>>> print(open('final-v7.cif').read())   # mmCIF, C-alpha atoms
data_protein
loop_
_atom_site.label_atom_id
_atom_site.label_comp_id
_atom_site.auth_asym_id
_atom_site.auth_seq_id
_atom_site.Cartn_x
_atom_site.Cartn_y
_atom_site.Cartn_z
CA MET A 54 59.21 36.42 -39.36
CA LYS A 55 62.05 36.39 -36.93
CA ASP A 56 60.44 39.15 -34.93
CA THR A 57 57.20 37.16 -34.68
CA ASP A 58 58.97 34.01 -33.42
CA GLU A 59 60.83 35.98 -30.81
CA ALA A 60 57.59 37.60 -29.67
CA ASP A 61 56.10 34.13 -29.03
CA LEU A 62 58.97 33.05 -26.80
CA PRO A 63 58.17 32.89 -23.07
CA TYR A 64 61.44 34.55 -22.14
CA ASP A 65 63.51 37.58 -23.04
CA GLU A 66 66.50 36.98 -25.32
CA GLU A 67 68.61 39.04 -22.95
CA MET A 68 68.02 36.54 -20.09
CA PRO A 69 70.84 34.20 -19.04
CA ARG A 70 70.76 30.69 -20.51
CA GLN A 71 69.93 28.99 -17.21
CA GLU A 72 66.93 31.26 -16.62
CA LYS A 73 65.71 30.58 -20.15
CA ILE A 74 65.81 26.83 -19.40
CA GLU A 75 63.85 27.31 -16.16
CA VAL A 76 61.22 29.40 -17.94
CA LEU A 77 60.88 26.75 -20.66
CA GLN A 78 60.55 24.00 -18.04
CA GLU A 79 57.79 25.93 -16.31
CA ARG A 80 56.01 26.45 -19.63
CA LEU A 81 56.42 22.71 -20.37
CA GLU A 82 54.87 21.77 -17.03
CA VAL A 83 51.94 24.11 -17.70
CA LEU A 84 51.43 22.60 -21.15
CA GLU A 85 51.64 19.05 -19.76
CA ALA A 86 49.07 19.92 -17.10
CA GLN A 87 46.79 21.39 -19.75
CA ASN A 88 47.34 18.33 -21.92
CA GLU A 89 46.44 16.05 -19.01
CA GLU A 90 43.32 18.07 -18.32
CA MET A 91 42.29 17.88 -21.98
CA ARG A 92 42.93 14.13 -21.95
CA ASP A 93 40.65 13.74 -18.91
CA ARG A 94 37.97 15.80 -20.63
CA LEU A 95 38.31 13.63 -23.72
CA LEU A 96 37.91 10.46 -21.65
CA ASP A 97 34.83 11.92 -19.93
CA ALA A 98 33.39 12.94 -23.29
CA ASN A 99 34.01 9.45 -24.71
CA ALA A 100 32.34 7.87 -21.68
CA GLU A 101 29.37 10.20 -22.03
CA ASN A 102 29.22 9.46 -25.75
CA ASN A 103 29.24 5.70 -25.07
CA LYS A 104 26.42 6.12 -22.56
CA TYR A 105 24.28 8.02 -25.06
CA GLN A 106 25.21 5.56 -27.80
CA GLN A 107 23.96 2.68 -25.66
CA LYS A 108 20.78 4.60 -24.88
CA LEU A 109 20.29 5.29 -28.59
CA GLU A 110 20.74 1.61 -29.44
CA ARG A 111 18.25 0.61 -26.74
CA LEU A 112 15.65 3.14 -27.88
CA THR A 113 16.20 2.14 -31.50
CA HIS A 114 15.65 -1.50 -30.57
CA GLU A 115 12.49 -0.65 -28.61
CA ASN A 116 11.22 1.50 -31.48
CA ARG A 117 11.82 -1.35 -33.90
CA LYS A 118 9.89 -3.71 -31.63
CA LEU A 119 6.98 -1.28 -31.34
CA LYS A 120 6.79 -0.99 -35.13
CA GLN A 121 6.51 -4.76 -35.52
CA SER A 122 3.10 -6.14 -36.32
CA PRO A 123 1.36 -7.92 -33.42
CA LEU A 124 1.61 -11.69 -33.42
CA PHE A 125 -1.20 -14.10 -32.54
CA VAL A 126 -0.78 -17.42 -30.77
CA ALA A 127 -2.45 -20.48 -32.27
CA THR A 128 -2.33 -24.25 -31.94
CA VAL A 129 -1.82 -26.58 -34.90
CA GLN A 130 -4.94 -28.77 -35.26
CA GLU A 131 -4.20 -30.75 -38.39
CA ILE A 132 -1.62 -31.03 -41.16
CA SER A 133 -3.13 -31.74 -44.58
CA ASP A 134 -2.11 -31.58 -48.21
CA GLN A 135 -4.00 -28.29 -48.58
CA GLY A 136 -2.11 -26.62 -45.72
CA ILE A 137 -2.02 -26.32 -41.94
CA ILE A 138 -5.23 -26.00 -39.92
CA VAL A 139 -4.67 -23.88 -36.82
CA LYS A 140 -6.92 -22.67 -34.00
CA GLN A 141 -6.24 -19.15 -32.77
CA HIS A 142 -6.11 -18.62 -29.00
CA GLY A 143 -8.53 -16.10 -27.54
CA ASN A 144 -11.34 -16.51 -30.09
CA ASN A 145 -10.96 -20.24 -30.97
CA GLN A 146 -11.20 -19.37 -34.66
CA GLU A 147 -9.99 -22.14 -36.96
CA MET A 148 -8.29 -21.31 -40.25
CA LEU A 149 -6.26 -22.86 -43.03
CA THR A 150 -2.83 -21.43 -43.74
CA GLU A 151 0.14 -22.24 -45.94
CA VAL A 152 3.71 -22.80 -44.76
CA THR A 153 7.06 -23.38 -46.40
CA GLU A 154 8.23 -26.94 -47.00
CA GLU A 155 10.99 -26.46 -44.46
CA MET A 156 8.54 -25.40 -41.72
CA ARG A 157 6.05 -28.14 -42.70
CA GLU A 158 8.69 -30.74 -41.88
CA ARG A 159 9.16 -29.27 -38.41
CA ILE A 160 5.52 -28.68 -37.47
CA GLU A 161 3.48 -31.31 -35.65
CA PRO A 162 -0.13 -31.33 -34.40
CA ASN A 163 -0.64 -29.50 -31.07
CA ASP A 164 2.41 -27.28 -31.66
CA ARG A 165 2.04 -23.66 -30.56
CA VAL A 166 2.78 -21.21 -33.38
CA ALA A 167 2.83 -17.44 -33.92
CA LEU A 168 0.71 -15.93 -36.70
CA ASN A 169 1.05 -12.50 -38.28
CA ASN A 170 -1.79 -10.24 -39.41
CA SER A 171 -2.08 -12.25 -42.63
CA ARG A 172 -2.56 -15.37 -40.48
CA SER A 173 0.64 -16.87 -41.85
CA ILE A 174 2.79 -18.92 -39.49
CA VAL A 175 5.84 -16.86 -38.57
CA LYS A 176 7.54 -19.25 -36.17
CA ILE A 177 7.02 -22.25 -33.94
CA LEU A 178 6.80 -21.38 -30.23
CA ASP A 179 8.27 -23.42 -27.45
CA ASP A 180 5.66 -25.01 -25.22
CA GLU A 181 6.90 -23.03 -22.23
CA THR A 182 3.64 -21.83 -20.68
CA ASP A 183 3.24 -24.99 -18.63
CA VAL A 184 6.81 -24.55 -17.42
CA ARG A 185 6.10 -20.97 -16.32
CA ALA A 186 3.00 -22.10 -14.45
CA GLN A 187 4.98 -24.85 -12.72
CA VAL A 188 7.74 -22.42 -11.76
CA MET A 189 5.22 -20.22 -9.93
CA GLN A 190 4.59 -23.07 -7.50
CA VAL A 191 6.34 -22.33 -4.20
CA ASP A 192 8.34 -25.33 -3.01
CA LYS A 193 9.61 -23.79 0.23
CA SER A 194 7.21 -22.07 2.58
CA PRO A 195 7.87 -18.33 3.11
CA ASP A 196 9.55 -17.51 6.39
CA VAL A 197 6.61 -15.47 7.70
CA ARG A 198 4.57 -16.50 10.74
CA TYR A 199 1.29 -15.15 12.05
CA GLU A 200 3.12 -13.66 15.03
CA ASP A 201 5.27 -11.64 12.61
CA ILE A 202 2.23 -9.60 11.59
CA GLY A 203 1.16 -6.77 13.85
CA GLY A 204 -1.90 -4.53 13.90
CA LEU A 205 -3.99 -6.77 11.62
CA GLU A 206 -5.64 -9.12 14.09
CA GLN A 207 -9.14 -8.87 12.57
CA GLN A 208 -7.87 -9.22 8.99
CA LEU A 209 -5.71 -12.18 9.99
CA LYS A 210 -8.70 -13.86 11.62
CA GLU A 211 -10.80 -13.50 8.46
CA VAL A 212 -8.00 -14.82 6.25
CA ARG A 213 -7.52 -17.87 8.47
CA GLU A 214 -11.26 -18.54 8.51
CA THR A 215 -11.42 -18.38 4.72
CA VAL A 216 -8.26 -20.26 3.75
CA GLU A 217 -6.82 -22.24 6.63
CA MET A 218 -9.99 -23.48 8.35
CA PRO A 219 -11.59 -25.14 5.25
CA LEU A 220 -8.31 -26.96 4.57
CA LYS A 221 -7.76 -28.15 8.14
CA ARG A 222 -11.37 -28.65 9.31
CA PRO A 223 -13.55 -29.33 6.24
CA GLU A 224 -15.88 -31.50 8.33
CA ASP A 225 -17.12 -28.40 10.20
CA PHE A 226 -18.48 -26.95 6.96
CA ASP A 227 -20.02 -30.31 5.96
CA THR A 228 -21.78 -30.54 9.33
CA VAL A 229 -23.26 -27.07 9.03
CA GLY A 230 -24.02 -27.58 5.34
CA VAL A 231 -22.37 -24.48 3.87
CA GLU A 232 -19.70 -23.99 1.27
CA PRO A 233 -16.52 -22.37 2.58
CA PRO A 234 -15.58 -18.96 1.13
CA SER A 235 -13.59 -19.54 -2.04
CA GLY A 236 -11.70 -16.31 -2.47
CA ILE A 237 -10.27 -13.32 -0.60
CA LEU A 238 -9.42 -9.91 -1.98
CA LEU A 239 -7.03 -7.90 0.19
CA HIS A 240 -7.08 -4.19 -0.62
CA GLY A 241 -5.49 -1.14 0.93
CA PRO A 242 -2.57 1.30 0.65
CA PRO A 243 0.91 0.04 -0.29
CA GLY A 244 3.04 -1.42 2.48
CA THR A 245 0.23 -2.39 4.86
CA GLY A 246 0.96 -6.14 4.95
CA LYS A 247 -1.26 -7.68 2.25
CA THR A 248 1.49 -9.85 0.81
CA MET A 249 2.71 -10.80 4.28
CA LEU A 250 -0.76 -12.13 5.12
CA ALA A 251 -0.60 -14.41 2.08
CA LYS A 252 2.92 -15.54 2.97
CA ALA A 253 1.84 -16.37 6.52
CA VAL A 254 -1.03 -18.49 5.18
CA ALA A 255 1.41 -20.35 2.92
CA ASN A 256 3.65 -21.03 5.90
CA HIS A 257 0.88 -22.35 8.16
CA THR A 258 -0.94 -24.65 5.73
CA ASP A 259 0.07 -27.86 4.02
CA ALA A 260 -1.56 -26.72 0.79
CA THR A 261 0.40 -26.12 -2.40
CA PHE A 262 1.11 -22.40 -2.64
CA ILE A 263 1.24 -20.80 -6.10
CA LYS A 264 2.13 -17.14 -6.39
CA MET A 265 2.09 -14.77 -9.32
CA ALA A 266 1.74 -11.08 -10.16
CA GLY A 267 -1.04 -9.74 -12.32
CA SER A 268 1.53 -8.05 -14.57
CA GLU A 269 2.95 -11.49 -15.43
CA LEU A 270 -0.32 -12.30 -17.19
CA VAL A 271 0.05 -9.42 -19.66
CA HIS A 272 1.88 -10.82 -22.68
CA LYS A 273 3.00 -9.79 -26.13
CA PHE A 274 1.15 -12.58 -27.94
CA ILE A 275 -2.63 -12.41 -28.17
CA GLY A 276 -4.20 -15.26 -26.21
CA GLU A 277 -1.04 -16.03 -24.23
CA GLY A 278 -2.28 -14.44 -20.99
CA ALA A 279 -5.54 -16.39 -21.08
CA LYS A 280 -3.65 -19.64 -21.66
CA LEU A 281 -1.35 -18.97 -18.72
CA VAL A 282 -4.40 -18.40 -16.50
CA ARG A 283 -5.81 -21.79 -17.57
CA ASP A 284 -2.46 -23.45 -16.92
CA LEU A 285 -2.15 -21.90 -13.46
CA PHE A 286 -5.55 -23.20 -12.38
CA GLU A 287 -4.75 -26.58 -13.90
CA VAL A 288 -1.54 -26.76 -11.87
CA ALA A 289 -3.52 -25.77 -8.76
CA ARG A 290 -6.15 -28.48 -9.40
CA GLU A 291 -3.46 -31.11 -9.99
CA ASN A 292 -1.85 -30.22 -6.64
CA GLU A 293 -4.94 -29.54 -4.52
CA PRO A 294 -5.47 -28.54 -1.85
CA ALA A 295 -3.86 -25.38 -3.19
CA VAL A 296 -3.74 -21.66 -2.51
CA LEU A 297 -3.34 -19.38 -5.54
CA PHE A 298 -2.04 -15.91 -4.65
CA ILE A 299 -2.45 -13.18 -7.29
CA ASP A 300 -0.63 -9.96 -6.42
CA GLU A 301 -1.35 -6.70 -8.27
CA ILE A 302 -4.58 -8.12 -9.65
CA ASP A 303 -5.55 -4.63 -10.87
CA ALA A 304 -3.10 -5.19 -13.76
CA ILE A 305 -5.62 -7.53 -15.44
CA ALA A 306 -8.93 -6.84 -13.67
CA THR A 307 -9.52 -3.16 -14.35
CA LYS A 308 -12.94 -1.84 -15.33
CA ARG A 309 -13.86 -2.74 -18.89
CA THR A 310 -13.95 0.13 -21.37
CA GLU A 311 -14.89 0.68 -25.00
CA SER A 312 -11.23 0.90 -26.00
CA LYS A 313 -10.46 -0.85 -29.28
CA THR A 314 -6.69 -1.10 -28.89
CA SER A 315 -5.23 -4.59 -29.11
CA GLY A 316 -3.48 -4.18 -25.75
CA ASP A 317 -6.69 -3.37 -23.86
CA ALA A 318 -8.53 -6.16 -25.66
CA GLU A 319 -5.86 -8.67 -24.65
CA VAL A 320 -6.05 -7.60 -20.99
CA GLN A 321 -9.84 -8.03 -21.11
CA ARG A 322 -9.47 -11.51 -22.64
CA THR A 323 -7.17 -12.47 -19.81
CA MET A 324 -9.63 -11.12 -17.23
CA MET A 325 -12.53 -13.02 -18.83
CA GLN A 326 -10.50 -16.22 -18.60
CA LEU A 327 -9.80 -15.50 -14.94
CA LEU A 328 -13.52 -14.92 -14.27
CA SER A 329 -14.33 -18.19 -16.02
CA GLU A 330 -11.79 -20.14 -13.98
CA MET A 331 -13.00 -18.61 -10.71
CA ASP A 332 -16.69 -19.26 -11.30
CA GLY A 333 -17.16 -21.30 -14.47
CA PHE A 334 -18.70 -24.64 -15.35
CA GLU A 335 -15.58 -26.60 -14.45
CA GLU A 336 -15.30 -27.52 -10.77
CA ARG A 337 -12.50 -25.58 -9.14
CA GLY A 338 -11.94 -28.15 -6.41
CA GLU A 339 -9.95 -27.43 -3.26
CA VAL A 340 -8.35 -24.30 -4.68
CA ARG A 341 -8.48 -21.12 -2.60
CA ILE A 342 -7.67 -17.75 -4.14
CA ILE A 343 -6.06 -14.78 -2.41
CA ALA A 344 -5.63 -11.58 -4.40
CA ALA A 345 -4.14 -8.24 -3.42
CA THR A 346 -4.41 -4.75 -4.87
CA ASN A 347 -3.55 -1.16 -4.02
CA ARG A 348 -6.19 0.16 -6.45
CA PHE A 349 -9.52 -1.24 -5.33
CA ASP A 350 -11.33 1.59 -7.15
CA MET A 351 -10.01 0.38 -10.52
CA LEU A 352 -11.35 -3.19 -10.31
CA ASP A 353 -14.18 -4.40 -12.52
CA ARG A 354 -17.39 -5.09 -10.59
CA ALA A 355 -17.70 -8.55 -12.13
CA ILE A 356 -14.66 -9.83 -10.28
CA LEU A 357 -15.89 -8.48 -6.93
CA ARG A 358 -19.18 -10.32 -6.74
CA PRO A 359 -19.69 -13.22 -4.28
CA GLY A 360 -18.72 -16.57 -5.71
CA ARG A 361 -15.46 -15.14 -7.00
CA PHE A 362 -14.24 -13.14 -4.05
CA ASP A 363 -16.47 -13.92 -1.08
CA ARG A 364 -14.41 -11.81 1.30
CA LEU A 365 -13.31 -8.25 0.53
CA ILE A 366 -10.88 -7.43 3.33
CA GLU A 367 -9.52 -3.92 3.72
CA VAL A 368 -5.97 -3.77 5.06
CA PRO A 369 -5.52 -0.17 6.32
CA LYS A 370 -2.51 1.56 7.75
CA PRO A 371 -1.99 0.55 11.39
CA ASP A 372 -3.31 2.59 14.30
CA LYS A 373 -1.17 3.54 17.28
CA GLU A 374 -1.41 0.13 18.95
CA GLY A 375 -0.69 -1.56 15.63
CA ARG A 376 2.39 0.60 15.05
CA LYS A 377 3.64 -0.20 18.55
CA ARG A 378 3.23 -3.92 17.90
CA ILE A 379 5.03 -3.68 14.53
CA PHE A 380 7.94 -1.82 16.17
CA GLU A 381 8.17 -4.57 18.80
CA ILE A 382 8.21 -7.24 16.06
CA HIS A 383 10.93 -5.60 13.96
CA THR A 384 13.16 -4.80 16.95
CA ARG A 385 13.05 -8.29 18.46
CA ASP A 386 16.54 -9.09 17.21
CA MET A 387 17.93 -5.54 17.46
CA ASN A 388 20.24 -4.33 20.22
CA VAL A 389 18.11 -1.39 21.36
CA ALA A 390 18.60 0.91 24.33
CA ASP A 391 16.75 0.05 27.57
CA GLU A 392 15.04 3.45 27.61
CA LEU A 393 13.48 2.95 24.14
CA ASP A 394 9.84 4.06 24.40
CA PHE A 395 7.65 2.11 21.97
CA ASP A 396 4.56 4.13 22.94
CA GLN A 397 6.36 7.33 22.00
CA LEU A 398 7.62 5.80 18.75
CA ALA A 399 4.08 4.77 17.83
CA THR A 400 2.82 8.29 18.58
CA ASP A 401 5.60 10.04 16.64
CA THR A 402 5.15 7.88 13.51
CA SER A 403 1.49 8.66 12.89
CA GLY A 404 0.52 7.74 9.33
CA ALA A 405 3.35 5.24 8.85
CA SER A 406 2.60 1.92 7.18
CA GLY A 407 4.03 -1.43 8.22
CA ALA A 408 6.62 -1.16 5.44
CA ASP A 409 7.55 2.33 6.65
CA ILE A 410 8.13 1.02 10.17
CA ARG A 411 10.32 -1.77 8.88
CA ALA A 412 12.34 0.81 6.92
CA ILE A 413 12.61 2.99 10.05
CA CYS A 414 14.08 0.09 12.04
CA THR A 415 16.58 -0.67 9.29
CA GLU A 416 17.64 2.97 8.95
CA ALA A 417 17.96 3.35 12.72
CA GLY A 418 20.35 0.42 12.72
CA MET A 419 22.32 2.02 9.88
CA PHE A 420 22.67 5.29 11.82
CA THR A 421 24.06 3.27 14.74
CA ILE A 422 26.60 1.47 12.55
CA ARG A 423 27.75 4.73 10.88
CA ASP A 424 28.46 6.23 14.32
CA ASP A 425 30.43 3.11 15.29
CA ARG A 426 28.03 2.27 18.11
CA THR A 427 26.41 -1.02 19.11
CA VAL A 428 23.15 0.14 20.74
CA VAL A 429 20.27 1.69 18.80
CA THR A 430 18.84 4.72 20.61
CA MET A 431 15.61 6.69 20.47
CA GLU A 432 17.41 9.44 18.54
CA ASP A 433 18.37 6.92 15.84
CA PHE A 434 14.71 6.02 15.36
CA LYS A 435 13.71 9.70 15.17
CA SER A 436 16.39 10.40 12.56
CA ALA A 437 15.30 7.32 10.62
CA TRP A 438 11.66 8.45 10.61
CA ASP A 439 12.72 11.87 9.28
CA LYS A 440 14.64 10.18 6.48
CA VAL A 441 11.77 7.82 5.57
CA GLN A 442 9.33 10.75 5.50
CA ALA A 443 11.66 12.72 3.21
CA GLU A 444 11.99 9.76 0.84
CA ASN A 445 8.22 9.30 0.74
CA GLU A 446 7.74 12.99 -0.06
CA ASP A 447 10.31 12.79 -2.89
CA GLU A 448 8.50 9.75 -4.28
CA ASP A 449 5.15 11.54 -4.17
CA ILE A 450 6.61 14.55 -5.97
CA SER A 451 8.17 12.35 -8.67
CA LYS A 452 4.80 10.61 -9.21
CA THR A 453 3.08 13.99 -9.50
CA PHE A 454 5.39 15.16 -12.29
CA ALA A 455 5.77 11.77 -13.97
#
>>> encode(input="final-v7.cif", output="structure tokens")
Amino acid sequence: MKDTDEADLPYDEEMPRQEKIEVLQERLEVLEAQNEEMRDRLLDANAENNKYQQKLERLTHENRKLKQSPLFVATVQEISDQGIIVKQHGNNQEMLTEVTEEMRERIEPNDRVALNNSRSIVKILDDETDVRAQVMQVDKSPDVRYEDIGGLEQQLKEVRETVEMPLKRPEDFDTVGVEPPSGILLHGPPGTGKTMLAKAVANHTDATFIKMAGSELVHKFIGEGAKLVRDLFEVARENEPAVLFIDEIDAIATKRTESKTSGDAEVQRTMMQLLSEMDGFEERGEVRIIAATNRFDMLDRAILRPGRFDRLIEVPKPDKEGRKRIFEIHTRDMNVADELDFDQLATDTSGASGADIRAICTEAGMFTIRDDRTVVTMEDFKSAWDKVQAENEDEDISKTFA
């Protein structure tokens, strides 16, 4: 045993005492360094474990939600001794259901409630839909002017004729005896200025501007999306003249299919409510609709017919003159070099959208700041265009393999 212990020692027994101490100190430093390294690895492993634990909890929560039965929204019609009479949203079906004594004391007529598959009342819902519709009303006009939009002169003219002119000069339409166009659908590739056109209209008219995204109309509860559509148009009618802007309308207005899933059925219910509000029996009043989409090919034909959207306006990527104008707009407040050639920039950035050009100007400014300079040069814009192109290519690749 003694021989084994001696063999494990980091020094020779014949060495002087001072050298033994030095050898032991060196070994101690090595062991401390190894211990520190192992401690760092342990901390990294704990951090990684916490990250995966959080991801596991999130996925478990999402899985639990997906396993839950779908809930249906209904309105309490009457409270009787036999039970609660409710009307289900979406199909207007009335039914009688039982509730606990505790819930009966809390329920009142016209309350919104959630029903399960057995049509039993699960919980009372807050009457928040009206609040959501009110919140979508824009109180402050967007800071976008017509002169901030370049390369879309024809599209801008059509939008102003459809939205602004009927609000400012309604007598012209009365004199001629025609109804003004009631809706505009802006379609084209992403980043071409569709939303900016709507913002400019909101800034240049005194009408109430209400904005929303089509994805906001897709809800968990059956019938909730249709009710929000009704509330939005009601808010618009109460505040007319009004402009209702629906972005990403393809989220709820895709071509109808034979799919039987509850999700697809709910989206179709919401679309049918939108069609009814746009061209139903009830008078819409002085409410103009502007919608935007990147996927014109996905839209249902019913929503494209005249009377709903009277103007289908394509918003393409800008041509060379349009790109030059957009560069001039976005560099108005930039400290650019005197020799900056906008014609050359417009030529070099063939295929760029308005959003791309805005990103190029921002990146060019960032290159200038990184180099501790104060003047943005032509080289900065070229480097920025290379970077924007690379980012767009990476995004396209990620979409391909998604």
>>> residues_around(input="final-v7.cif", residues="A:Asp409", least_positions_apart="4", cutoff="8 Å", atoms="only C-alpha atoms", output="PyMOL selection string")
chain A and resi 244+405+413+441
>>> resolve_selection(input="final-v7.cif", expression="the PyMOL selection byres ((chain A and resi 268) around 12)", output="VMD selection string")
chain A and resid 265 to 267 269 to 273 278 299 to 306 320 323 to 324 346
>>> resolve_selection(input="final-v7.cif", expression="the PyMOL selection byres ((chain A and resi 388) around 8)", output="number ranges by chain")
A: 384, 386-387, 389-390, 427-429
>>> write_last_selection(input="final-v7.cif", atoms="C-alpha atoms", output="PDB file, in the frame of the given file")
ATOM      1  CA  THR A 384      13.160  -4.800  16.950  1.00  0.00           C
ATOM      2  CA  ASP A 386      16.540  -9.090  17.210  1.00  0.00           C
ATOM      3  CA  MET A 387      17.930  -5.540  17.460  1.00  0.00           C
ATOM      4  CA  VAL A 389      18.110  -1.390  21.360  1.00  0.00           C
ATOM      5  CA  ALA A 390      18.600   0.910  24.330  1.00  0.00           C
ATOM      6  CA  THR A 427      26.410  -1.020  19.110  1.00  0.00           C
ATOM      7  CA  VAL A 428      23.150   0.140  20.740  1.00  0.00           C
ATOM      8  CA  VAL A 429      20.270   1.690  18.800  1.00  0.00           C
TER       9      VAL A 429
END
>>> residues_around(input="final-v7.cif", residues="stretch 168-179 of chain A", least_positions_apart="3", cutoff="6 Å", atoms="only C-alpha atoms", output="VMD selection string")
chain A and resid 124 to 125 165
>>> atom_distance(input="final-v7.cif", atom1="atom CA of A:Leu96", atom2="atom CA of A:Leu112")
24.2 Å
>>> resolve_selection(input="final-v7.cif", expression="the PyMOL selection byres ((chain A and resi 408) around 12)", output="PDB file with C-alpha atoms, in the coordinates of the input")
ATOM      1  CA  ILE A 202       2.230  -9.600  11.590  1.00  0.00           C
ATOM      2  CA  GLY A 203       1.160  -6.770  13.850  1.00  0.00           C
ATOM      3  CA  PRO A 242      -2.570   1.300   0.650  1.00  0.00           C
ATOM      4  CA  PRO A 243       0.910   0.040  -0.290  1.00  0.00           C
ATOM      5  CA  GLY A 244       3.040  -1.420   2.480  1.00  0.00           C
ATOM      6  CA  THR A 245       0.230  -2.390   4.860  1.00  0.00           C
ATOM      7  CA  GLY A 246       0.960  -6.140   4.950  1.00  0.00           C
ATOM      8  CA  LYS A 247      -1.260  -7.680   2.250  1.00  0.00           C
ATOM      9  CA  THR A 248       1.490  -9.850   0.810  1.00  0.00           C
ATOM     10  CA  MET A 249       2.710 -10.800   4.280  1.00  0.00           C
ATOM     11  CA  LYS A 370      -2.510   1.560   7.750  1.00  0.00           C
ATOM     12  CA  PRO A 371      -1.990   0.550  11.390  1.00  0.00           C
ATOM     13  CA  ARG A 376       2.390   0.600  15.050  1.00  0.00           C
ATOM     14  CA  ILE A 379       5.030  -3.680  14.530  1.00  0.00           C
ATOM     15  CA  PHE A 380       7.940  -1.820  16.170  1.00  0.00           C
ATOM     16  CA  HIS A 383      10.930  -5.600  13.960  1.00  0.00           C
ATOM     17  CA  GLY A 404       0.520   7.740   9.330  1.00  0.00           C
ATOM     18  CA  ALA A 405       3.350   5.240   8.850  1.00  0.00           C
ATOM     19  CA  SER A 406       2.600   1.920   7.180  1.00  0.00           C
ATOM     20  CA  GLY A 407       4.030  -1.430   8.220  1.00  0.00           C
ATOM     21  CA  ASP A 409       7.550   2.330   6.650  1.00  0.00           C
ATOM     22  CA  ILE A 410       8.130   1.020  10.170  1.00  0.00           C
ATOM     23  CA  ARG A 411      10.320  -1.770   8.880  1.00  0.00           C
ATOM     24  CA  ALA A 412      12.340   0.810   6.920  1.00  0.00           C
ATOM     25  CA  ILE A 413      12.610   2.990  10.050  1.00  0.00           C
ATOM     26  CA  CYS A 414      14.080   0.090  12.040  1.00  0.00           C
ATOM     27  CA  THR A 415      16.580  -0.670   9.290  1.00  0.00           C
ATOM     28  CA  VAL A 441      11.770   7.820   5.570  1.00  0.00           C
ATOM     29  CA  ASN A 445       8.220   9.300   0.740  1.00  0.00           C
TER      30      ASN A 445
END
>>> atom_distance(input="final-v7.cif", atom1="atom CA of A:Glu161", atom2="atom CA of A:Glu319")
26.8 Å
>>> closest_residue(input="final-v7.cif", among="A:Glu277, A:Asp396, A:Glu217, A:Glu444", to="A:Thr258", atoms="all atoms listed in the file")
A:Glu217
>>> closest_residue(input="final-v7.cif", among="A:Glu293, A:Glu367, A:Asp439, A:Asp391", to="A:Glu339", atoms="only C-alpha atoms")
A:Glu293
>>> closest_residue(input="final-v7.cif", among="A:Gln87, A:Asn103, A:Thr215, A:Gln146", to="A:Arg364", atoms="all atoms listed in the file")
A:Thr215
>>> closest_residue(input="final-v7.cif", among="A:Gly241, A:Pro219, A:Gly418, A:Gly136", to="A:Val296", atoms="all atoms listed in the file")
A:Pro219
>>> atom_distance(input="final-v7.cif", atom1="atom CA of A:Leu149", atom2="atom CA of A:Ala318")
24.2 Å
>>> closest_residue(input="final-v7.cif", among="A:Arg222, A:Arg198, A:Lys252, A:Arg283", to="A:Ile382", atoms="only C-alpha atoms")
A:Arg198
>>> residues_around(input="final-v7.cif", residues="A:Gln141", least_positions_apart="5", cutoff="8 Å", atoms="only C-alpha atoms", output="ChimeraX atom specification")
/A:125-128,146-147,276
>>> closest_residue(input="final-v7.cif", among="A:Leu239, A:Glu131, A:Asp201, A:Glu151", to="A:Arg385", atoms="all atoms listed in the file")
A:Asp201
